[in-house]
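Asker: The structure under discussion is supplied below as structure tokens; questions concerning it will follow.
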2 protein chains.
Amino acid sequence: MLVERRRSVASQATTILAERIRSQIYAPGSRLPSESELAAELGVSRASVRSALARLAAEGMVLRKQGDGTYVNARLENLPTTLDGLWNFLRLIEFSGRAPSIRVLSRTVRPATESEVEALALEEEEPVFFLQRVFYADNTPAILAGNAIPLAALRLPPEQCDGQLPIDELIATCCGAQIAYDIFDIGAVLPDAETRAVLELAEARPLLHLRQVFYDRQNEPLLCGSSHYDDKLLGLRLVQSWT
Amino acid sequence: MLVERRRSVASQATTILAERIRSQIYAPGSRLPSESELAAELGVSRASVRSALARLAAEGMVLRKQGDGTYVNARLENLPTTLDGLWNFLRLIEFSGRAPSIRVLSRTVRPATESEVEALALEEEEPVFFLQRVFYADNTPAILAGNAIPLAALRLPPEQCDGQLPIDELIATCCGAQIAYDIFDIGAVLPDAETRAVLELAEARPLLHLRQVFYDRQNEPLLCGSSHYDDKLLGLRLVQSWT
DNA sequence: CAGTGGTCTAGACCACCCA
DNA sequence: GGGTGGTCTAGACCACTGC
């Protein structure tokens, strides 16, 4: 049943169970087989099954009741269902049921701004590769995102960095690094005229402002982003599980 | 070492390690003892230690490197450090280093609004207990929060519901229920005049709008909230760990 | 190569729920 | 009481890192 070599047993079990829920093999509101039964059926230990169920529970797909059982959440339609909790603009658009695409607005090398110097721990005026992109949902502009990478961190020349890539792959190919974690700050702003034009907003309504800093496995800040996010168009939703 | 009966060993280990990091017994950037050493020292299994470390890693407090070791994040000052990932207005204010307090603006029983009917799966016009509160950070108003609970879900009369309680305790004491999970929608809005007055905003700057629905262990929607959040004052920050 | 974290197992006991 | 999820353990093997 679980034969892939490269993915962990627990991760494969997660996928299998999530798929059964999505396809209603386990109907909304119904009780799943017990952990022991699932372990026997999948040919893995109970610990692995528990790891999978814990993940599904954290995302709200199942509800666990001690002494009773594990139930499929009957309100699945309310959930973000990202299945890994990571916010990635392309996938946020995909999950909203629309086709994502990216248009590169500009790609320049320029001195770091004051906030970039602070976020990326740079020297004053240190050059950064700045990539400005628009994320479309079904051809409607939803996000205007600007990303800055210290020139010193690039292993490819800026002109070879593929602007169509999601952030983790961008960092992987252009910097040869892996993201360890990132920090998100969420705020509300009134967009300036330029932003409004790019996002084709008729009125001057407020947008979400997402500021992110991505760190690599050496804990060096590798990329910082400043994005204007049209929450009316896309929605920003998260689930919190209360142990 | 780990003797409390009511908390799990893994949870106690988490607290101990977090405390050692906070007090710099494990200095920023330094390597922690190996999992086996910690297990031996704390008198628990390696699995319990791993559970604790996994939690700290998810919040960015430590960085784990296979084949190398576990390191204290040297950039702790950037982290939200909630140590359980749950957003609770009182604790968000506390963690920002300010003194939280609550003022109850109004407590009424009124028919549910259209959006409450939808969020709470009510009948049209069904009565709800509506509690409007202001959360202060060091006596500066930071959040205007409105919470609606179906009257049918209350086990205490509305006038006996303590408006000073955080949301989980409010639900515990007034409804006799426990929160299983909640769903958050984050948006940006321009506050109306009334909201602006309550939050003592001079200009008409945009605020975060948080809409929440809390579900109990029976998966019934118990409470919905609509809050205006001054992100300039408080900040809304989260960490994402990329496995 | 030795030591680290990553994965997985089998088995045990507990707390809890329901019939 | 019998079954469920919640916790914990001991031990094994693997993948990776740094020396």
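Following the order of the structure tokens, first chain is A, next is B, and so on, with residues numbered from 1 inside each chain and ligands from 1 in the order they appear.
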Based on the backbone DSSP call, show me all residues of stretch 5-93 of chain B assigned strand (DSSP E), as a short mmCIF file (atom, residue, chain, number, x, y, z; two decimals) with C-alpha atoms, in the first residue's frame.
Answerer:
data_model
loop_
_atom_site.label_atom_id
_atom_site.label_comp_id
_atom_site.auth_asym_id
_atom_site.auth_seq_id
_atom_site.Cartn_x
_atom_site.Cartn_y
_atom_site.Cartn_z
CA VAL B 62 14.91 26.58 17.29
CA LEU B 63 16.27 25.42 13.95
CA ARG B 64 16.89 21.75 13.36
CA LYS B 65 19.56 20.40 11.06
CA GLY B 69 22.04 19.47 15.66
CA THR B 70 19.33 21.75 17.00
CA TYR B 71 20.19 25.44 17.27
CA VAL B 72 18.60 28.30 19.15
#
Asker: Once you count only C-alpha atoms, what closest atom pair and distance in Å to one decimal does each residue of chain B within 6 Å of chain A have, with rows by chain and rising residue number, as a tab-separated table?
Answerer:
residue	atom	partner	partner_atom	distance
B:Ala180	CA	A:Trp242	CA	5.4
B:Tyr181	CA	A:Ser241	CA	4.4
B:Asp182	CA	A:Gln240	CA	5.3
B:Ile183	CA	A:Val239	CA	4.7
B:Phe184	CA	A:Leu238	CA	5.2
B:Asp185	CA	A:Arg237	CA	4.5
B:Ile186	CA	A:Leu236	CA	5.4
B:Gly187	CA	A:Asp231	CA	5.5
B:Ala188	CA	A:Ala188	CA	5.2
B:Val189	CA	A:Pro206	CA	5.7
B:Pro206	CA	A:Ala188	CA	5.6
B:Leu207	CA	A:Ala188	CA	5.4
B:Leu208	CA	A:Ala188	CA	5.5
B:Asp231	CA	A:Gly187	CA	5.5
B:Leu236	CA	A:Ile186	CA	5.4
B:Arg237	CA	A:Asp185	CA	4.5
B:Leu238	CA	A:Phe184	CA	5.2
B:Val239	CA	A:Ile183	CA	4.7
B:Gln240	CA	A:Asp182	CA	5.3
B:Ser241	CA	A:Tyr181	CA	4.4
B:Trp242	CA	A:Ala180	CA	5.4
Asker: Can you tell me which residues surround D:DG11 at a distance of at most 12 Å, considering only C-alpha atoms (C1' of nucleotides), apart from same-chain residues fewer than 2 positions away, and format the answer as a count of residues only?
Answerer: 9
Asker: I'd like the interatomic distance between atom CA of A:Glu118 and atom CA of A:Pro221, to a tenth of an Å.
Answerer: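 About the pair atom CA of A:Glu118 and atom CA of A:Pro221: they are 10.2 Å apart.
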Asker: Quick one: contact table of chain D to chain B, 9 Å max, nearest atom pair and distance in Å to one decimal per residue, counting only C-alpha atoms (C1' of nucleotides), chain and number order, as a Markdown table?
Answerer:
| residue | atom | partner | partner_atom | distance |
| --- | --- | --- | --- | --- |
| D:DT7 | C1' | B:Ser8 | CA | 7.3 |
| D:DC8 | C1' | B:Ser45 | CA | 7.4 |
| D:DT9 | C1' | B:Ser45 | CA | 6.1 |
| D:DA10 | C1' | B:Ser45 | CA | 8.0 |
| D:DA15 | C1' | B:Gly67 | CA | 7.9 |
| D:DC16 | C1' | B:Gly67 | CA | 4.7 |
| D:DT17 | C1' | B:Gly67 | CA | 4.3 |
| D:DG18 | C1' | B:Asp68 | CA | 7.5 |
Asker: Any chance you could export the current selection's all heavy atoms as a compact mmCIF listing (two decimals), in the first residue's frame?
Answerer:
# COMPACT_ATOMS: atom_id res chain seq x y z
P DT D 7 -2.30 13.82 24.39
OP1 DT D 7 -2.20 15.00 25.26
OP2 DT D 7 -1.93 13.88 22.96
O5' DT D 7 -1.43 12.66 25.06
C5' DT D 7 -1.51 12.48 26.46
C4' DT D 7 -0.56 11.40 26.87
O4' DT D 7 -0.82 10.20 26.13
C3' DT D 7 0.92 11.73 26.61
O3' DT D 7 1.54 11.84 27.88
C2' DT D 7 1.44 10.55 25.80
C1' DT D 7 0.39 9.48 26.05
N1 DT D 7 0.22 8.45 25.00
C2 DT D 7 0.54 7.15 25.31
O2 DT D 7 0.95 6.80 26.39
N3 DT D 7 0.33 6.27 24.28
C4 DT D 7 -0.14 6.55 23.02
O4 DT D 7 -0.28 5.67 22.18
C5 DT D 7 -0.45 7.93 22.77
C7 DT D 7 -0.96 8.35 21.44
C6 DT D 7 -0.26 8.82 23.77
P DC D 8 3.01 12.42 27.94
OP1 DC D 8 3.18 12.97 29.29
OP2 DC D 8 3.24 13.24 26.75
O5' DC D 8 3.91 11.12 27.82
C5' DC D 8 3.75 10.08 28.79
C4' DC D 8 4.53 8.86 28.34
O4' DC D 8 3.85 8.23 27.25
C3' DC D 8 5.93 9.15 27.80
O3' DC D 8 6.86 8.89 28.86
C2' DC D 8 6.09 8.17 26.62
C1' DC D 8 4.78 7.38 26.63
N1 DC D 8 4.26 7.02 25.28
C2 DC D 8 4.24 5.67 24.91
O2 DC D 8 4.67 4.84 25.70
N3 DC D 8 3.76 5.34 23.68
C4 DC D 8 3.31 6.29 22.86
N4 DC D 8 2.84 5.91 21.67
C5 DC D 8 3.32 7.67 23.21
C6 DC D 8 3.80 7.99 24.43
P DT D 9 8.43 8.94 28.56
OP1 DT D 9 9.09 9.20 29.84
OP2 DT D 9 8.68 9.79 27.38
O5' DT D 9 8.72 7.44 28.15
C5' DT D 9 8.16 6.38 28.92
C4' DT D 9 8.56 5.05 28.31
O4' DT D 9 7.73 4.79 27.15
C3' DT D 9 10.01 5.01 27.82
O3' DT D 9 10.73 4.03 28.54
C2' DT D 9 9.92 4.67 26.33
C1' DT D 9 8.51 4.18 26.16
N1 DT D 9 7.92 4.55 24.85
C2 DT D 9 7.58 3.56 23.96
O2 DT D 9 7.74 2.38 24.18
N3 DT D 9 7.06 4.02 22.78
C4 DT D 9 6.84 5.34 22.41
O4 DT D 9 6.37 5.62 21.32
C5 DT D 9 7.23 6.32 23.39
C7 DT D 9 7.05 7.77 23.08
C6 DT D 9 7.74 5.89 24.55
P DA D 10 12.31 4.07 28.59
OP1 DA D 10 12.70 3.65 29.96
OP2 DA D 10 12.81 5.33 28.02
O5' DA D 10 12.70 2.91 27.58
C5' DA D 10 12.03 1.66 27.66
C4' DA D 10 12.41 0.83 26.46
O4' DA D 10 11.62 1.26 25.33
C3' DA D 10 13.88 0.98 26.05
O3' DA D 10 14.44 -0.31 25.87
C2' DA D 10 13.84 1.80 24.76
C1' DA D 10 12.46 1.47 24.21
N9 DA D 10 11.86 2.54 23.41
C8 DA D 10 11.90 3.89 23.65
N7 DA D 10 11.26 4.62 22.77
C5 DA D 10 10.76 3.69 21.87
C6 DA D 10 9.98 3.82 20.69
N6 DA D 10 9.58 4.98 20.22
N1 DA D 10 9.65 2.68 20.05
C2 DA D 10 10.06 1.51 20.53
N3 DA D 10 10.80 1.26 21.63
C4 DA D 10 11.12 2.40 22.25
P DA D 15 18.44 5.72 3.76
OP1 DA D 15 17.58 5.78 2.54
OP2 DA D 15 19.76 5.07 3.75
O5' DA D 15 18.64 7.22 4.26
C5' DA D 15 17.50 8.03 4.52
C4' DA D 15 17.95 9.46 4.75
O4' DA D 15 18.55 9.56 6.07
C3' DA D 15 19.01 9.95 3.77
O3' DA D 15 18.76 11.33 3.55
C2' DA D 15 20.32 9.72 4.51
C1' DA D 15 19.90 9.96 5.96
N9 DA D 15 20.63 9.16 6.95
C8 DA D 15 21.06 7.88 6.83
N7 DA D 15 21.66 7.43 7.91
C5 DA D 15 21.60 8.49 8.79
C6 DA D 15 22.05 8.67 10.11
N6 DA D 15 22.68 7.72 10.79
N1 DA D 15 21.82 9.86 10.70
C2 DA D 15 21.19 10.81 10.02
N3 DA D 15 20.71 10.77 8.77
C4 DA D 15 20.96 9.56 8.21
P DC D 16 19.62 12.10 2.47
OP1 DC D 16 18.69 12.98 1.75
OP2 DC D 16 20.50 11.15 1.76
O5' DC D 16 20.54 13.01 3.40
C5' DC D 16 19.91 13.82 4.38
C4' DC D 16 20.95 14.21 5.40
O4' DC D 16 21.43 13.04 6.08
C3' DC D 16 22.19 14.88 4.81
O3' DC D 16 22.09 16.26 5.07
C2' DC D 16 23.37 14.20 5.52
C1' DC D 16 22.69 13.36 6.60
N1 DC D 16 23.36 12.07 6.95
C2 DC D 16 24.00 11.95 8.19
O2 DC D 16 24.02 12.93 8.94
N3 DC D 16 24.59 10.78 8.52
C4 DC D 16 24.55 9.75 7.66
N4 DC D 16 25.13 8.60 8.04
C5 DC D 16 23.90 9.84 6.40
C6 DC D 16 23.32 11.01 6.08
P DT D 17 23.18 17.25 4.47
OP1 DT D 17 22.51 18.55 4.26
OP2 DT D 17 23.89 16.56 3.37
O5' DT D 17 24.22 17.40 5.67
C5' DT D 17 23.77 17.89 6.94
C4' DT D 17 24.91 17.77 7.93
O4' DT D 17 25.19 16.38 8.16
C3' DT D 17 26.20 18.41 7.45
O3' DT D 17 26.40 19.59 8.21
C2' DT D 17 27.29 17.36 7.68
C1' DT D 17 26.56 16.24 8.43
N1 DT D 17 26.89 14.83 8.02
C2 DT D 17 27.41 13.98 8.97
O2 DT D 17 27.64 14.31 10.10
N3 DT D 17 27.64 12.71 8.50
C4 DT D 17 27.42 12.22 7.21
O4 DT D 17 27.67 11.06 6.92
C5 DT D 17 26.88 13.18 6.30
C7 DT D 17 26.60 12.75 4.88
C6 DT D 17 26.64 14.43 6.73
P DG D 18 27.55 20.54 7.85
OP1 DG D 18 27.17 21.86 8.37
OP2 DG D 18 27.91 20.36 6.42
O5' DG D 18 28.76 19.97 8.73
C5' DG D 18 28.63 19.89 10.14
C4' DG D 18 29.82 19.15 10.70
O4' DG D 18 29.75 17.78 10.25
C3' DG D 18 31.16 19.71 10.22
O3' DG D 18 31.96 20.02 11.36
C2' DG D 18 31.77 18.60 9.36
C1' DG D 18 31.03 17.35 9.83
N9 DG D 18 30.81 16.36 8.78
C8 DG D 18 30.36 16.58 7.51
N7 DG D 18 30.25 15.50 6.79
C5 DG D 18 30.66 14.49 7.64
C6 DG D 18 30.77 13.09 7.43
O6 DG D 18 30.50 12.45 6.41
N1 DG D 18 31.23 12.43 8.58
C2 DG D 18 31.55 13.04 9.76
N2 DG D 18 31.97 12.24 10.74
N3 DG D 18 31.45 14.34 9.98
C4 DG D 18 31.01 15.00 8.88
Asker: Considering only C-alpha atoms (C1' of nucleotides), extract the chain C residues located within 10 Å of chain B and return them as JSON, numbers by chain.
Answerer: {"C": [3, 4, 5, 6]}
Asker: Using N, CA and C atoms (P, O5', C5', C4', C3', O3' and C1' of nucleotides), can you export the residues from the last selection as a tab-separated table (two decimals), in the first residue's frame?
Answerer:
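Contents of result-v3.tsv, freshly written:
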chain	number	residue	atom	x	y	z
C	3	DG	P	30.58	8.87	18.73
C	3	DG	O5'	29.49	9.97	18.33
C	3	DG	C5'	29.93	11.30	18.07
C	3	DG	C4'	28.78	12.09	17.50
C	3	DG	C3'	27.46	11.89	18.25
C	3	DG	O3'	26.86	13.15	18.47
C	3	DG	C1'	27.14	11.50	15.96
C	4	DT	P	25.53	13.28	19.35
C	4	DT	O5'	24.50	13.97	18.37
C	4	DT	C5'	24.82	15.17	17.68
C	4	DT	C4'	23.89	15.29	16.50
C	4	DT	C3'	22.43	15.08	16.84
C	4	DT	O3'	21.81	16.32	17.12
C	4	DT	C1'	23.05	13.96	14.81
C	5	DG	P	20.31	16.28	17.70
C	5	DG	O5'	19.41	16.11	16.41
C	5	DG	C5'	19.33	17.16	15.46
C	5	DG	C4'	18.72	16.64	14.17
C	5	DG	C3'	17.20	16.43	14.20
C	5	DG	O3'	16.68	16.76	12.92
C	5	DG	C1'	18.25	14.41	13.68
C	6	DG	P	15.14	16.51	12.57
C	6	DG	O5'	15.15	15.11	11.81
C	6	DG	C5'	15.41	15.07	10.41
C	6	DG	C4'	14.72	13.87	9.79
C	6	DG	C3'	13.24	13.75	10.13
C	6	DG	O3'	12.53	13.34	8.96
C	6	DG	C1'	14.36	11.81	10.82
Asker: So that I can check the secondary structure, give me every residue of stretch 17-157 of chain A assigned helix (DSSP H, G or I) by backbone DSSP, as number ranges by chain.
Answerer: A: 17-22, 35-42, 46-58, 76-78, 89-95, 114-120, 151-153
Asker: Could you work out how far atom CA of A:Glu94 lies from atom CA of A:Thr15, giving the answer in Å with one decimal?
Answerer: 18.3 Å
Asker: Report the distance between atom CA of A:Ala193 and atom CA of A:Arg103 in Å, rounded to one decimal place.
Answerer: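 Those two atoms sit 19.1 Å apart.
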Asker: Write out as a list in words the residues lying within 10 Å of C:DA19, counting only C-alpha atoms (C1' of nucleotides) and excluding same-chain residues fewer than 2 positions away.
Answerer: DC17 of chain C; DG1 and DG2 of chain D
